[in-house]
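*Asks:* Structure file start_32.cif (mmCIF, C-alpha atoms) right here:
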data_upload
#
loop_
_atom_site.label_atom_id
_atom_site.label_comp_id
_atom_site.auth_asym_id
_atom_site.auth_seq_id
_atom_site.Cartn_x
_atom_site.Cartn_y
_atom_site.Cartn_z
CA MET A 1 -45.98 16.07 47.27
CA ARG A 2 -42.90 14.01 47.97
CA GLU A 3 -41.46 14.08 51.47
CA ALA A 4 -38.10 15.74 51.98
CA ILE A 5 -35.26 13.43 50.98
CA LYS A 6 -33.25 12.12 53.91
CA HIS A 7 -29.46 12.20 53.79
CA ILE A 8 -26.74 10.18 55.46
CA PRO A 9 -23.04 11.05 56.00
CA PHE A 10 -20.80 9.35 53.44
CA GLY A 11 -18.57 8.13 56.28
CA GLN A 12 -21.43 6.05 57.73
CA VAL A 13 -21.87 4.02 54.54
CA ALA A 14 -18.31 3.80 53.19
CA GLU A 15 -14.72 3.34 54.21
CA PHE A 16 -11.89 5.34 52.67
CA ARG A 17 -8.30 4.60 51.77
CA ASN A 18 -5.56 6.74 50.24
CA GLY A 19 -3.66 5.46 47.24
CA LEU A 20 -0.01 4.44 47.22
CA ASN A 21 2.94 6.57 46.20
CA PHE A 22 5.15 4.76 43.73
CA GLY A 23 8.81 5.38 43.07
CA LYS A 24 11.03 4.56 40.11
CA ASP A 25 11.46 1.00 41.42
CA SER A 26 7.82 0.28 40.69
CA HIS A 27 8.04 1.12 36.99
CA GLY A 28 7.13 -1.87 34.89
CA LYS A 29 4.24 -4.21 34.25
CA GLY A 30 1.97 -6.46 36.24
CA CYS A 31 -0.82 -4.23 37.54
CA LEU A 32 -3.07 -1.52 36.14
CA LEU A 33 -2.89 1.90 37.78
CA VAL A 34 -5.60 4.58 37.99
CA GLY A 35 -3.89 7.98 37.99
CA ILE A 36 -4.85 11.62 37.58
CA PRO A 37 -4.68 11.57 33.73
CA ASP A 38 -7.46 8.95 33.72
CA PHE A 39 -10.04 11.31 35.25
CA LYS A 40 -11.48 12.67 32.02
CA ASP A 41 -15.21 13.28 31.57
CA ARG A 42 -15.94 9.59 32.11
CA PHE A 43 -18.03 7.55 34.52
CA THR A 44 -15.76 4.48 34.51
CA PRO A 45 -12.04 4.17 33.79
CA LYS A 46 -10.93 3.50 30.25
CA TYR A 47 -9.34 0.24 31.34
CA GLU A 48 -7.47 -0.45 28.10
CA ALA A 49 -5.73 2.94 28.37
CA LEU A 50 -4.59 2.66 32.01
CA GLY A 51 -0.89 2.67 32.76
CA GLU A 52 0.86 -0.24 34.46
CA ILE A 53 3.27 -0.66 37.36
CA ASN A 54 5.10 -3.48 39.10
CA PRO A 55 3.37 -3.87 42.50
CA ASP A 56 5.76 -6.46 43.95
CA GLY A 57 6.82 -5.66 47.50
CA ILE A 58 4.75 -2.47 47.59
CA ALA A 59 1.03 -3.19 47.51
CA LYS A 60 -0.99 -5.03 50.13
CA THR A 61 -4.20 -6.92 49.43
CA GLU A 62 -6.31 -4.07 50.78
CA ASP A 63 -4.68 -1.58 48.37
CA TYR A 64 -6.23 -3.16 45.28
CA LEU A 65 -9.46 -1.94 43.74
CA GLN A 66 -12.63 -4.00 43.68
CA LYS A 67 -15.77 -3.85 41.60
CA GLY A 68 -18.04 -1.18 43.13
CA ASP A 69 -15.23 1.08 44.37
CA ILE A 70 -15.30 4.83 43.72
CA VAL A 71 -11.96 6.59 43.21
CA PHE A 72 -11.56 10.35 43.73
CA VAL A 73 -8.85 12.84 42.82
CA ARG A 74 -7.35 13.73 46.20
CA SER A 75 -4.79 16.37 45.28
CA ASN A 76 -4.08 18.44 42.18
CA GLY A 77 -2.99 21.96 41.25
CA ASN A 78 -6.20 22.29 39.24
CA LYS A 79 -9.02 22.81 41.78
CA GLU A 80 -11.60 21.68 39.22
CA LEU A 81 -10.09 18.20 39.19
CA VAL A 82 -10.12 17.70 42.97
CA GLY A 83 -13.07 15.49 43.94
CA ARG A 84 -13.62 14.18 40.42
CA SER A 85 -14.57 10.49 40.54
CA LEU A 86 -14.39 7.22 38.61
CA TYR A 87 -16.55 4.16 39.25
CA VAL A 88 -14.93 0.73 39.04
CA ASP A 89 -17.64 -1.28 37.32
CA LYS A 90 -15.78 -4.57 36.88
CA GLN A 91 -13.28 -6.73 38.71
CA VAL A 92 -9.75 -5.91 37.57
CA LYS A 93 -6.29 -6.14 39.06
CA ALA A 94 -5.64 -2.44 39.62
CA LEU A 95 -4.18 -0.01 42.13
CA PHE A 96 -4.68 3.75 42.42
CA SER A 97 -2.28 6.65 42.71
CA GLY A 98 -1.32 8.38 45.95
CA PHE A 99 -3.02 11.47 44.57
CA CYS A 100 -6.34 9.61 44.86
CA ILE A 101 -8.73 8.36 47.56
CA ARG A 102 -10.85 5.25 47.29
CA ALA A 103 -14.35 4.94 48.74
CA ARG A 104 -15.72 1.43 49.29
CA ILE A 105 -19.41 1.14 50.18
CA THR A 106 -19.93 -0.89 53.37
CA SER A 107 -23.68 -0.50 53.87
CA ASN A 108 -26.54 -2.26 52.10
CA ALA A 109 -28.51 0.98 52.36
CA ILE A 110 -26.54 2.53 49.48
CA ASP A 111 -26.07 1.11 45.99
CA PRO A 112 -22.47 1.75 44.84
CA ASN A 113 -23.53 2.55 41.27
CA PHE A 114 -26.08 5.12 42.49
CA CYS A 115 -23.55 6.62 44.87
CA ALA A 116 -20.99 6.94 42.07
CA TYR A 117 -23.50 8.89 40.00
CA TYR A 118 -24.24 11.17 42.94
CA THR A 119 -20.53 12.04 43.19
CA LYS A 120 -20.84 13.55 39.69
CA THR A 121 -23.33 16.20 40.83
CA ARG A 122 -22.55 19.85 41.48
CA THR A 123 -24.12 19.39 44.92
CA PHE A 124 -21.51 16.80 45.82
CA LYS A 125 -18.64 18.99 44.59
CA ASP A 126 -20.00 22.00 46.46
CA SER A 127 -20.27 19.89 49.62
CA ILE A 128 -16.59 19.05 49.41
CA SER A 129 -15.67 22.71 49.15
CA SER A 130 -18.00 23.86 51.92
CA SER A 131 -16.77 21.11 54.25
CA ALA A 132 -13.24 22.41 53.82
CA GLY A 133 -14.31 26.03 54.10
CA THR A 134 -12.49 26.95 50.89
CA ASN A 135 -11.99 26.07 47.25
CA ILE A 136 -9.67 23.20 48.03
CA ASN A 137 -6.70 21.82 46.16
CA ASN A 138 -6.58 18.84 48.50
CA LEU A 139 -9.27 16.39 49.56
CA ASN A 140 -9.01 14.12 52.60
CA GLN A 141 -10.95 11.30 54.22
CA GLU A 142 -12.45 13.53 56.90
CA ILE A 143 -13.94 15.91 54.31
CA LEU A 144 -15.38 13.01 52.31
CA SER A 145 -16.85 11.35 55.39
CA GLN A 146 -18.91 14.48 56.19
CA VAL A 147 -20.55 14.80 52.76
CA LYS A 148 -24.25 13.91 52.85
CA ILE A 149 -25.56 11.22 50.49
CA PRO A 150 -29.31 11.22 49.59
CA LEU A 151 -31.03 8.19 51.09
CA PHE A 152 -33.60 7.07 48.54
CA THR A 153 -35.11 3.59 48.84
CA LYS A 154 -32.92 0.87 47.34
CA ASN A 155 -35.35 0.37 44.45
CA GLU A 156 -35.30 4.12 43.70
CA GLN A 157 -31.51 4.12 43.74
CA LEU A 158 -31.37 1.21 41.32
CA ALA A 159 -33.91 2.86 39.01
CA ILE A 160 -32.03 6.18 38.96
CA ALA A 161 -28.72 4.47 38.24
CA LYS A 162 -30.33 2.40 35.48
CA VAL A 163 -31.63 5.47 33.63
CA LEU A 164 -28.22 7.15 33.73
CA ALA A 165 -26.41 3.93 32.86
CA VAL A 166 -28.44 3.55 29.65
CA LEU A 167 -27.02 6.85 28.44
CA ASP A 168 -23.47 5.95 29.47
CA LYS A 169 -23.69 2.53 27.80
CA LYS A 170 -24.76 4.16 24.53
CA ILE A 171 -21.80 6.54 24.82
CA GLU A 172 -19.44 3.61 25.38
CA CYS A 173 -21.00 1.75 22.44
CA ASN A 174 -20.33 4.72 20.18
CA ASN A 175 -16.77 4.90 21.48
CA ARG A 176 -16.20 1.23 20.63
CA ILE A 177 -17.62 1.72 17.14
CA ASN A 178 -15.36 4.72 16.62
CA ALA A 179 -12.31 2.76 17.77
CA GLU A 180 -13.12 0.04 15.22
CA LEU A 181 -13.61 2.61 12.46
CA GLU A 182 -10.31 4.30 13.32
CA ALA A 183 -8.58 0.90 13.20
CA MET A 184 -10.11 0.27 9.76
CA ALA A 185 -8.81 3.61 8.50
CA LYS A 186 -5.29 2.88 9.76
CA THR A 187 -5.33 -0.61 8.27
CA LEU A 188 -6.42 0.62 4.84
CA TYR A 189 -3.83 3.42 4.95
CA ASP A 190 -1.09 0.93 5.81
CA TYR A 191 -2.21 -1.50 3.12
CA TRP A 192 -2.35 1.15 0.39
CA PHE A 193 0.39 3.64 1.28
CA VAL A 194 2.94 1.68 3.31
CA GLN A 195 2.75 -1.77 1.72
CA PHE A 196 1.54 -0.20 -1.56
CA ASP A 197 -1.00 -2.91 -2.16
CA PHE A 198 -3.74 -0.57 -3.32
CA PRO A 199 -5.95 -2.00 -6.11
CA ASP A 200 -4.29 -1.84 -9.53
CA GLU A 201 -6.14 -1.49 -12.83
CA ASN A 202 -7.23 -5.14 -12.56
CA GLY A 203 -8.36 -4.81 -8.94
CA LYS A 204 -5.33 -6.77 -7.68
CA PRO A 205 -2.90 -5.59 -4.95
CA PHE A 206 -0.37 -3.40 -6.75
CA LYS A 207 3.01 -4.31 -5.24
CA SER A 208 2.21 -7.96 -4.52
CA SER A 209 1.13 -8.36 -8.15
CA GLY A 210 4.44 -7.05 -9.49
CA GLY A 211 3.62 -3.36 -9.80
CA ARG A 212 6.65 -1.28 -10.79
CA MET A 213 8.41 0.42 -7.88
CA VAL A 214 11.12 3.10 -8.07
CA TYR A 215 13.48 4.43 -5.42
CA ASN A 216 12.71 7.92 -4.09
CA THR A 217 15.85 9.56 -2.73
CA THR A 218 13.95 12.14 -0.67
CA LEU A 219 11.81 9.59 1.15
CA ASN A 220 14.64 7.03 1.14
CA ARG A 221 12.29 4.24 0.07
CA ASP A 222 10.73 2.58 -2.95
CA ILE A 223 7.40 4.02 -4.07
CA PRO A 224 5.13 3.17 -7.01
CA ALA A 225 6.31 4.46 -10.40
CA GLY A 226 4.70 7.80 -11.20
CA TRP A 227 4.13 8.73 -7.57
CA LYS A 228 5.98 11.68 -6.05
CA ASP A 229 6.82 13.13 -2.64
CA ILE A 230 5.34 16.30 -1.16
CA THR A 231 5.51 18.22 2.10
CA ILE A 232 2.60 18.85 4.44
CA ALA A 233 2.91 22.50 3.43
CA ASP A 234 1.96 21.49 -0.12
CA CYS A 235 -1.45 20.24 1.00
CA ALA A 236 -2.25 22.02 4.28
CA SER A 237 -1.75 25.20 6.32
CA LEU A 238 -0.99 25.65 10.02
CA SER A 239 -2.12 28.20 12.60
CA ARG A 240 -0.73 28.59 16.14
CA GLY A 241 -3.16 28.98 19.04
CA VAL A 242 -4.05 31.91 21.26
CA THR A 243 -1.65 32.98 24.03
CA TYR A 244 -3.20 33.79 27.39
CA GLY A 245 -2.35 34.16 31.07
CA LYS A 246 -4.18 33.37 34.31
CA ASN A 247 -5.68 36.86 34.44
CA ASP A 248 -7.31 36.32 31.04
CA VAL A 249 -9.28 33.25 32.13
CA ARG A 250 -13.02 33.69 32.65
CA SER A 251 -15.91 31.55 33.88
CA LYS A 252 -17.83 29.59 31.25
CA ASP A 253 -20.99 31.34 32.55
CA ASP A 254 -19.65 34.79 31.69
CA ILE A 255 -21.05 36.64 28.69
CA GLY A 256 -18.94 36.85 25.53
CA VAL A 257 -16.51 34.01 26.30
CA ILE A 258 -15.19 31.23 24.09
CA GLY A 259 -13.96 27.77 25.08
CA VAL A 260 -10.29 27.06 24.41
CA LEU A 261 -8.83 23.61 23.77
CA ARG A 262 -5.53 22.51 25.27
CA ALA A 263 -3.16 19.59 24.73
CA THR A 264 -5.11 17.56 27.31
CA ASN A 265 -8.15 17.69 25.02
CA ILE A 266 -6.45 15.36 22.53
CA THR A 267 -7.48 11.83 23.47
CA GLY A 268 -6.52 9.00 21.17
CA ASN A 269 -7.11 10.30 17.65
CA GLN A 270 -9.86 12.73 18.60
CA VAL A 271 -10.28 16.14 20.18
CA ASP A 272 -12.73 16.18 23.09
CA LEU A 273 -14.54 19.13 24.65
CA ASP A 274 -13.85 18.37 28.31
CA ASP A 275 -12.34 20.86 30.78
CA LEU A 276 -12.08 23.84 28.44
CA VAL A 277 -10.51 27.12 29.48
CA TYR A 278 -12.71 30.16 28.78
CA LEU A 279 -11.40 33.46 27.40
CA PRO A 280 -13.03 36.66 26.13
CA GLU A 281 -14.01 35.92 22.54
CA GLY A 282 -12.34 39.13 21.36
CA THR A 283 -8.89 37.74 22.25
CA VAL A 284 -9.20 35.00 19.61
CA SER A 285 -8.46 35.62 15.92
CA GLU A 286 -10.49 33.97 13.18
CA ASP A 287 -7.79 31.42 12.27
CA GLN A 288 -7.66 30.26 15.93
CA PHE A 289 -11.14 28.73 15.80
CA MET A 290 -11.54 25.02 15.03
CA ASN A 291 -13.57 23.68 12.12
CA ALA A 292 -14.82 20.14 11.58
CA PHE A 293 -12.19 17.66 10.31
CA GLU A 294 -9.27 19.94 11.11
CA SER A 295 -6.46 18.39 13.18
CA LEU A 296 -5.01 19.74 16.43
CA ILE A 297 -1.32 19.03 17.09
CA VAL A 298 0.60 19.38 20.38
CA MET A 299 3.58 21.65 19.67
CA SER A 300 4.93 22.27 23.17
CA SER A 301 4.83 20.11 26.31
CA GLY A 302 6.77 19.20 29.40
CA SER A 303 7.05 15.68 28.00
CA LYS A 304 8.61 14.75 24.66
CA ASP A 305 6.17 11.84 24.53
CA HIS A 306 3.32 14.32 24.03
CA ILE A 307 4.97 16.37 21.29
CA GLY A 308 3.27 15.72 17.96
CA LYS A 309 0.24 14.07 19.55
CA ASN A 310 -2.74 14.97 17.42
CA GLY A 311 -6.45 14.41 16.97
CA ILE A 312 -9.25 15.28 14.59
CA TYR A 313 -11.90 17.80 15.59
CA TYR A 314 -15.31 16.34 14.76
CA SER A 315 -17.66 18.75 16.54
CA ASP A 316 -19.79 21.55 15.10
CA ARG A 317 -19.30 23.59 18.30
CA LYS A 318 -17.36 26.85 18.07
CA VAL A 319 -14.14 26.63 20.10
CA ALA A 320 -10.60 27.99 19.89
CA PHE A 321 -7.25 26.42 20.83
CA GLY A 322 -4.27 27.45 22.95
CA ALA A 323 -0.73 28.44 22.03
CA PHE A 324 0.81 25.08 22.93
CA CYS A 325 -1.03 23.62 19.93
CA SER A 326 -1.29 24.23 16.20
CA LYS A 327 -4.27 23.67 13.93
CA LEU A 328 -3.75 21.86 10.63
CA SER A 329 -6.23 22.88 7.94
CA ILE A 330 -5.94 20.31 5.14
CA ASN A 331 -6.70 21.07 1.50
CA GLU A 332 -9.68 19.42 -0.15
CA GLY A 333 -8.72 16.12 -1.73
CA PHE A 334 -6.12 15.37 0.97
CA VAL A 335 -8.21 15.66 4.16
CA PHE A 336 -8.52 12.01 5.21
CA TYR A 337 -5.21 10.96 3.67
CA VAL A 338 -3.22 13.49 5.72
CA SER A 339 -5.37 13.02 8.86
CA THR A 340 -4.60 9.30 8.82
CA PHE A 341 -0.93 9.92 8.03
CA LEU A 342 -0.61 12.07 11.18
CA ASN A 343 -1.27 8.99 13.31
CA SER A 344 1.05 6.71 11.34
CA PRO A 345 4.33 5.30 12.71
CA TRP A 346 6.13 7.25 9.94
CA PHE A 347 4.95 10.61 11.29
CA LYS A 348 5.67 9.62 14.90
CA VAL A 349 9.27 8.71 13.98
CA TYR A 350 9.63 12.01 12.14
CA ILE A 351 8.47 13.98 15.23
CA LYS A 352 10.78 11.97 17.49
CA ASN A 353 13.73 12.79 15.24
CA GLN A 354 12.91 16.51 15.40
CA CYS A 355 13.16 16.36 19.20
CA LEU A 356 16.43 14.42 19.35
CA GLY A 357 19.28 16.23 21.06
CA THR A 358 17.13 19.09 22.33
CA ASN A 359 16.28 19.97 25.91
CA ILE A 360 13.30 22.11 24.90
CA ASN A 361 10.21 20.14 23.99
CA ASN A 362 8.94 22.44 21.26
CA LEU A 363 7.98 22.11 17.62
CA THR A 364 7.54 25.00 15.22
CA ASN A 365 5.02 25.16 12.41
CA ASP A 366 7.95 24.78 10.01
CA HIS A 367 8.80 21.40 11.54
CA ILE A 368 5.33 20.18 10.59
CA LYS A 369 5.24 21.90 7.20
CA GLU A 370 8.58 20.36 6.16
CA CYS A 371 7.49 16.80 6.92
CA ARG A 372 7.51 14.84 3.68
CA LEU A 373 5.07 12.13 2.63
CA VAL A 374 4.13 10.17 -0.45
CA LYS A 375 1.88 11.86 -3.01
CA PRO A 376 -0.28 9.09 -4.46
CA ASP A 377 -1.63 8.91 -7.96
CA VAL A 378 -4.72 11.14 -8.23
CA LYS A 379 -7.00 8.19 -9.00
CA ILE A 380 -5.88 6.24 -5.91
CA LEU A 381 -5.95 9.31 -3.67
CA THR A 382 -9.48 10.16 -4.81
CA LEU A 383 -10.63 6.59 -4.16
CA PHE A 384 -9.12 6.66 -0.66
CA GLU A 385 -10.75 10.00 0.14
CA LYS A 386 -14.14 8.75 -1.06
CA THR A 387 -13.83 5.52 0.95
CA MET A 388 -12.64 7.23 4.12
CA SER A 389 -15.18 10.04 3.87
CA GLU A 390 -17.97 7.72 4.98
CA VAL A 391 -15.83 6.26 7.77
CA TYR A 392 -14.82 9.63 9.20
CA LYS A 393 -18.33 11.06 8.84
CA LYS A 394 -19.67 8.15 10.89
CA ILE A 395 -17.04 8.81 13.57
CA ALA A 396 -18.07 12.47 13.57
CA SER A 397 -21.76 11.55 13.85
CA ASN A 398 -21.07 9.26 16.82
CA SER A 399 -18.91 11.89 18.50
CA ILE A 400 -21.57 14.57 18.16
CA GLU A 401 -24.22 12.15 19.43
CA ASN A 402 -22.05 11.41 22.46
CA ARG A 403 -21.88 15.11 23.30
CA VAL A 404 -25.69 15.32 23.14
CA LEU A 405 -26.01 12.22 25.34
CA LYS A 406 -23.54 13.63 27.88
CA ASP A 407 -25.45 16.90 28.02
CA LEU A 408 -28.71 14.98 28.53
CA ARG A 409 -27.16 12.86 31.28
CA ASP A 410 -25.71 15.89 33.03
CA TRP A 411 -29.07 17.69 32.79
CA LEU A 412 -30.98 14.72 34.23
CA LEU A 413 -28.46 13.88 36.94
CA PRO A 414 -29.14 16.70 39.46
CA MET A 415 -32.91 16.52 38.97
CA LEU A 416 -32.96 12.78 39.63
CA MET A 417 -30.78 13.22 42.70
CA ASN A 418 -32.88 15.99 44.28
CA GLY A 419 -36.22 14.37 43.53
CA GLN A 420 -37.39 16.90 40.88
CA VAL A 421 -37.67 14.01 38.43
CA THR A 422 -38.75 10.55 39.52
CA VAL A 423 -38.43 7.22 37.75
CA ALA A 424 -41.56 5.10 37.51
#
Output the structure of this file as structure tokens.

*Replies:*
Amino acid sequence: MREAIKHIPFGQVAEFRNGLNFGKDSHGKGCLLVGIPDFKDRFTPKYEALGEINPDGIAKTEDYLQKGDIVFVRSNGNKELVGRSLYVDKQVKALFSGFCIRARITSNAIDPNFCAYYTKTRTFKDSISSSAGTNINNLNQEILSQVKIPLFTKNEQLAIAKVLAVLDKKIECNNRINAELEAMAKTLYDYWFVQFDFPDENGKPFKSSGGRMVYNTTLNRDIPAGWKDITIADCASLSRGVTYGKNDVRSKDDIGVIGVLRATNITGNQVDLDDLVYLPEGTVSEDQFMNAFESLIVMSSGSKDHIGKNGIYYSDRKVAFGAFCSKLSINEGFVFYVSTFLNSPWFKVYIKNQCLGTNINNLTNDHIKECRLVKPDVKILTLFEKTMSEVYKKIASNSIENRVLKDLRDWLLPMLMNGQVTVA
């Protein structure tokens, strides 16, 4: 039988530093910034999606992140976010928000990668709460310094981190593949339905080869002869999400509850399943459940930049969505055409125009339904749907696999950290 695992206070093996508070003068470029929105269900930051600031005259050398640092959410109105961590796995020029705390390992007894994985455990999160004596909304250096870190041998730490990293690397690989597939879909859409260089009867690009174009007064642009314009209402239906208050929210461990998506679950062009709110299933109507390949659109937000943001739901898991969003159910034969259109510059300009001159950042279902788009020739539309079907199905397959991998990682993590499972 294995001996009891020894523990060491976090403060004995790491030093802590609060992030900087930045004012309007720091807006600009020059340095990446890790902020609260970056703490999704990830192990490392999504570096290419980080915001930027101008650090001149504000940041000192010791304020910058280094490879091996662990960044925590220090303060947030959502208690579930406090203590959430990100591991900096490469050297980048980056700072971190004043709502965060950085831990930098100073002892050879602890591997930073292993330690970062330990911060993802329920045991670690519970230690933060118990150290403060409450379910905290604010974390501080003193609380972090008192948390106990398991002291495995260095080889055991490296082995544990390696097992978990294999799963995370596969997840990241799938994410990169999906990003490439999404880029392919956008490129083909642009080539066929913006430049109108879809293949003509001879397999040549239509417009570039002299295909006949006619002016459409509704769309205010030239489109191929024989093509028409339609509204989104002509090829899809919309449903608004479930309304709920704080008293309606339940624990995900309660019986008879259903997960509810919010605007924060739309990341890039996809809908993720992180940080769901849970409600009694009886409060949700049938049309407020998501189905695969339906799109979720942000209809109301404190920021106009978020209005109209949308993503495709790829999962087979039963979830609902909240009232600040609408679900777009697209008719067969238009699914991938409309889904790709929703992330086109044309649609984004349309949404921006709907919000001009208003102080309330809201869209109605009618705003979406009345949006007009090109209706391609049936032959070309069918060809696009057939081509994109394989692309989007591969994205869906990768997304579902990632959820399985995350569940496996999260199941293994506590058992590896408490010695229930050992790595040979």

*Asks:* Which residues, written as a ChimeraX atom specification, have at least one atom at most 12 Å from Ile177 (chain A), with all atoms listed in the file counted and residues fewer than 3 positions away on the same chain left out?

*Replies:* /A:170-174,180-184,391-392,394-399,402

*Asks:* Residues of the last selection are to be written out with C-alpha atoms, as a PDB file, keeping the file's coordinate frame.

*Replies:*
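Dumped everything to selection_28.pdb:
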ATOM      1  CA  LYS A 170     -24.760   4.160  24.530  1.00  0.00           C
ATOM      2  CA  ILE A 171     -21.800   6.540  24.820  1.00  0.00           C
ATOM      3  CA  GLU A 172     -19.440   3.610  25.380  1.00  0.00           C
ATOM      4  CA  CYS A 173     -21.000   1.750  22.440  1.00  0.00           C
ATOM      5  CA  ASN A 174     -20.330   4.720  20.180  1.00  0.00           C
ATOM      6  CA  GLU A 180     -13.120   0.040  15.220  1.00  0.00           C
ATOM      7  CA  LEU A 181     -13.610   2.610  12.460  1.00  0.00           C
ATOM      8  CA  GLU A 182     -10.310   4.300  13.320  1.00  0.00           C
ATOM      9  CA  ALA A 183      -8.580   0.900  13.200  1.00  0.00           C
ATOM     10  CA  MET A 184     -10.110   0.270   9.760  1.00  0.00           C
ATOM     11  CA  VAL A 391     -15.830   6.260   7.770  1.00  0.00           C
ATOM     12  CA  TYR A 392     -14.820   9.630   9.200  1.00  0.00           C
ATOM     13  CA  LYS A 394     -19.670   8.150  10.890  1.00  0.00           C
ATOM     14  CA  ILE A 395     -17.040   8.810  13.570  1.00  0.00           C
ATOM     15  CA  ALA A 396     -18.070  12.470  13.570  1.00  0.00           C
ATOM     16  CA  SER A 397     -21.760  11.550  13.850  1.00  0.00           C
ATOM     17  CA  ASN A 398     -21.070   9.260  16.820  1.00  0.00           C
ATOM     18  CA  SER A 399     -18.910  11.890  18.500  1.00  0.00           C
ATOM     19  CA  ASN A 402     -22.050  11.410  22.460  1.00  0.00           C
TER      20      ASN A 402
END

*Asks:* Can you work out the spacing between CA of Ser389 (chain A) and CA of Thr340 (chain A) in Å, to one decimal?

*Replies:* 11.7 Å

*Asks:* Within 9 Å of Lys348 (chain A), counting all atoms listed in the file, which residues qualify if same-chain residues fewer than 6 places away don't, as JSON, numbers by chain?

*Replies:* {"A": [308, 309, 342]}

*Asks:* Please tabulate, as JSON lines, the residues of region 78-182 of chain A that come within 12 Å of region 34-41 of chain A, each with its closest pair of atoms and the distance in Å to one decimal, counting only C-alpha atoms and ordering rows by chain, then residue number upward.

*Replies:*
{"residue": "A:Asn78", "atom": "CA", "partner": "A:Ile36", "partner_atom": "CA", "distance": 10.9}
{"residue": "A:Glu80", "atom": "CA", "partner": "A:Phe39", "partner_atom": "CA", "distance": 11.2}
{"residue": "A:Leu81", "atom": "CA", "partner": "A:Phe39", "partner_atom": "CA", "distance": 7.9}
{"residue": "A:Val82", "atom": "CA", "partner": "A:Ile36", "partner_atom": "CA", "distance": 9.7}
{"residue": "A:Gly83", "atom": "CA", "partner": "A:Phe39", "partner_atom": "CA", "distance": 10.1}
{"residue": "A:Arg84", "atom": "CA", "partner": "A:Phe39", "partner_atom": "CA", "distance": 6.9}
{"residue": "A:Ser85", "atom": "CA", "partner": "A:Phe39", "partner_atom": "CA", "distance": 7.0}
{"residue": "A:Leu86", "atom": "CA", "partner": "A:Phe39", "partner_atom": "CA", "distance": 6.9}
{"residue": "A:Tyr87", "atom": "CA", "partner": "A:Phe39", "partner_atom": "CA", "distance": 10.5}
{"residue": "A:Val88", "atom": "CA", "partner": "A:Val34", "partner_atom": "CA", "distance": 10.1}
{"residue": "A:Val92", "atom": "CA", "partner": "A:Val34", "partner_atom": "CA", "distance": 11.3}
{"residue": "A:Lys93", "atom": "CA", "partner": "A:Val34", "partner_atom": "CA", "distance": 10.8}
{"residue": "A:Ala94", "atom": "CA", "partner": "A:Val34", "partner_atom": "CA", "distance": 7.2}
{"residue": "A:Leu95", "atom": "CA", "partner": "A:Val34", "partner_atom": "CA", "distance": 6.3}
{"residue": "A:Phe96", "atom": "CA", "partner": "A:Val34", "partner_atom": "CA", "distance": 4.6}
{"residue": "A:Ser97", "atom": "CA", "partner": "A:Gly35", "partner_atom": "CA", "distance": 5.2}
{"residue": "A:Gly98", "atom": "CA", "partner": "A:Gly35", "partner_atom": "CA", "distance": 8.4}
{"residue": "A:Phe99", "atom": "CA", "partner": "A:Ile36", "partner_atom": "CA", "distance": 7.2}
{"residue": "A:Cys100", "atom": "CA", "partner": "A:Gly35", "partner_atom": "CA", "distance": 7.5}
{"residue": "A:Ile101", "atom": "CA", "partner": "A:Gly35", "partner_atom": "CA", "distance": 10.7}
{"residue": "A:Arg102", "atom": "CA", "partner": "A:Val34", "partner_atom": "CA", "distance": 10.7}
{"residue": "A:Lys120", "atom": "CA", "partner": "A:Asp41", "partner_atom": "CA", "distance": 9.9}
{"residue": "A:Asp168", "atom": "CA", "partner": "A:Asp41", "partner_atom": "CA", "distance": 11.2}
{"residue": "A:Ile171", "atom": "CA", "partner": "A:Asp41", "partner_atom": "CA", "distance": 11.6}

*Asks:* Please evaluate the PyMOL selection byres ((chain A and resi 251) around 12) against the displayed coordinates and give the resulting residues as a ChimeraX atom specification.

*Replies:* /A:246-250,252-260,275-280

*Asks:* Find the distance between CA of Cys325 (chain A) and CA of Met299 (chain A) and write it in Å to one decimal.

*Replies:*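 Atom-to-atom, CA of Cys325 (chain A) to CA of Met299 (chain A), that is 5.0 Å.
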
*Asks:* Check what the PyMOL selection byres ((chain A and resi 148) around 10) selects in the file above and give those residues as a list in words.

*Replies:*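 So the PyMOL selection byres ((chain A and resi 148) around 10) ends up selecting Lys6, His7, Ile8, Pro9, Phe10, Gly11, Gln12, Thr123, Phe124, Ser127, Ile128, Leu144, Ser145, Gln146, Val147, Ile149, Pro150 and Leu151 of chain A.
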
*Asks:* Just how far from CA of Asp25 (chain A) is CA of Asn54 (chain A), in Å to one decimal?

*Replies:*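 That distance, rounded to one decimal, is 8.1 Å.
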
*Asks:* If the PyMOL selection byres ((chain A and resi 293) around 6) were run on this exact file, what residues would it hold? Put them as a list in words.

*Replies:*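 Residues picked by the PyMOL selection byres ((chain A and resi 293) around 6): Ala292, Glu294, Ile312, Tyr313 and Tyr314 of chain A.
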
*Asks:* Using only C-alpha atoms, which residue out of A:Asn331, A:Asn138, A:Asn353, A:Gln420 lies closest to Ser237 (chain A)?

*Replies:*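 The shortest atom-to-atom distance to Ser237 (chain A) comes from A:Asn331.
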
*Asks:* Would you give me, as a Markdown table, each residue of region 291-382 of chain A having an atom within 10 Å of an atom of region 204-219 of chain A, along with its shortest atom pair and that distance in Å to one decimal, using only C-alpha atoms and sorting by chain and residue number?

*Replies:*
| residue | atom | partner | partner_atom | distance |
| --- | --- | --- | --- | --- |
| A:Arg372 | CA | A:Leu219 | CA | 7.2 |
| A:Leu373 | CA | A:Leu219 | CA | 7.4 |
| A:Val374 | CA | A:Leu219 | CA | 7.9 |

*Asks:* Hey, which of A:Gly268, A:Phe336, A:Leu50, A:Leu65 ends up closest to Lys393 (chain A)? Count only C-alpha atoms.

*Replies:*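 When distances to Lys393 (chain A) are compared using only C-alpha atoms, the smallest one comes from A:Phe336.
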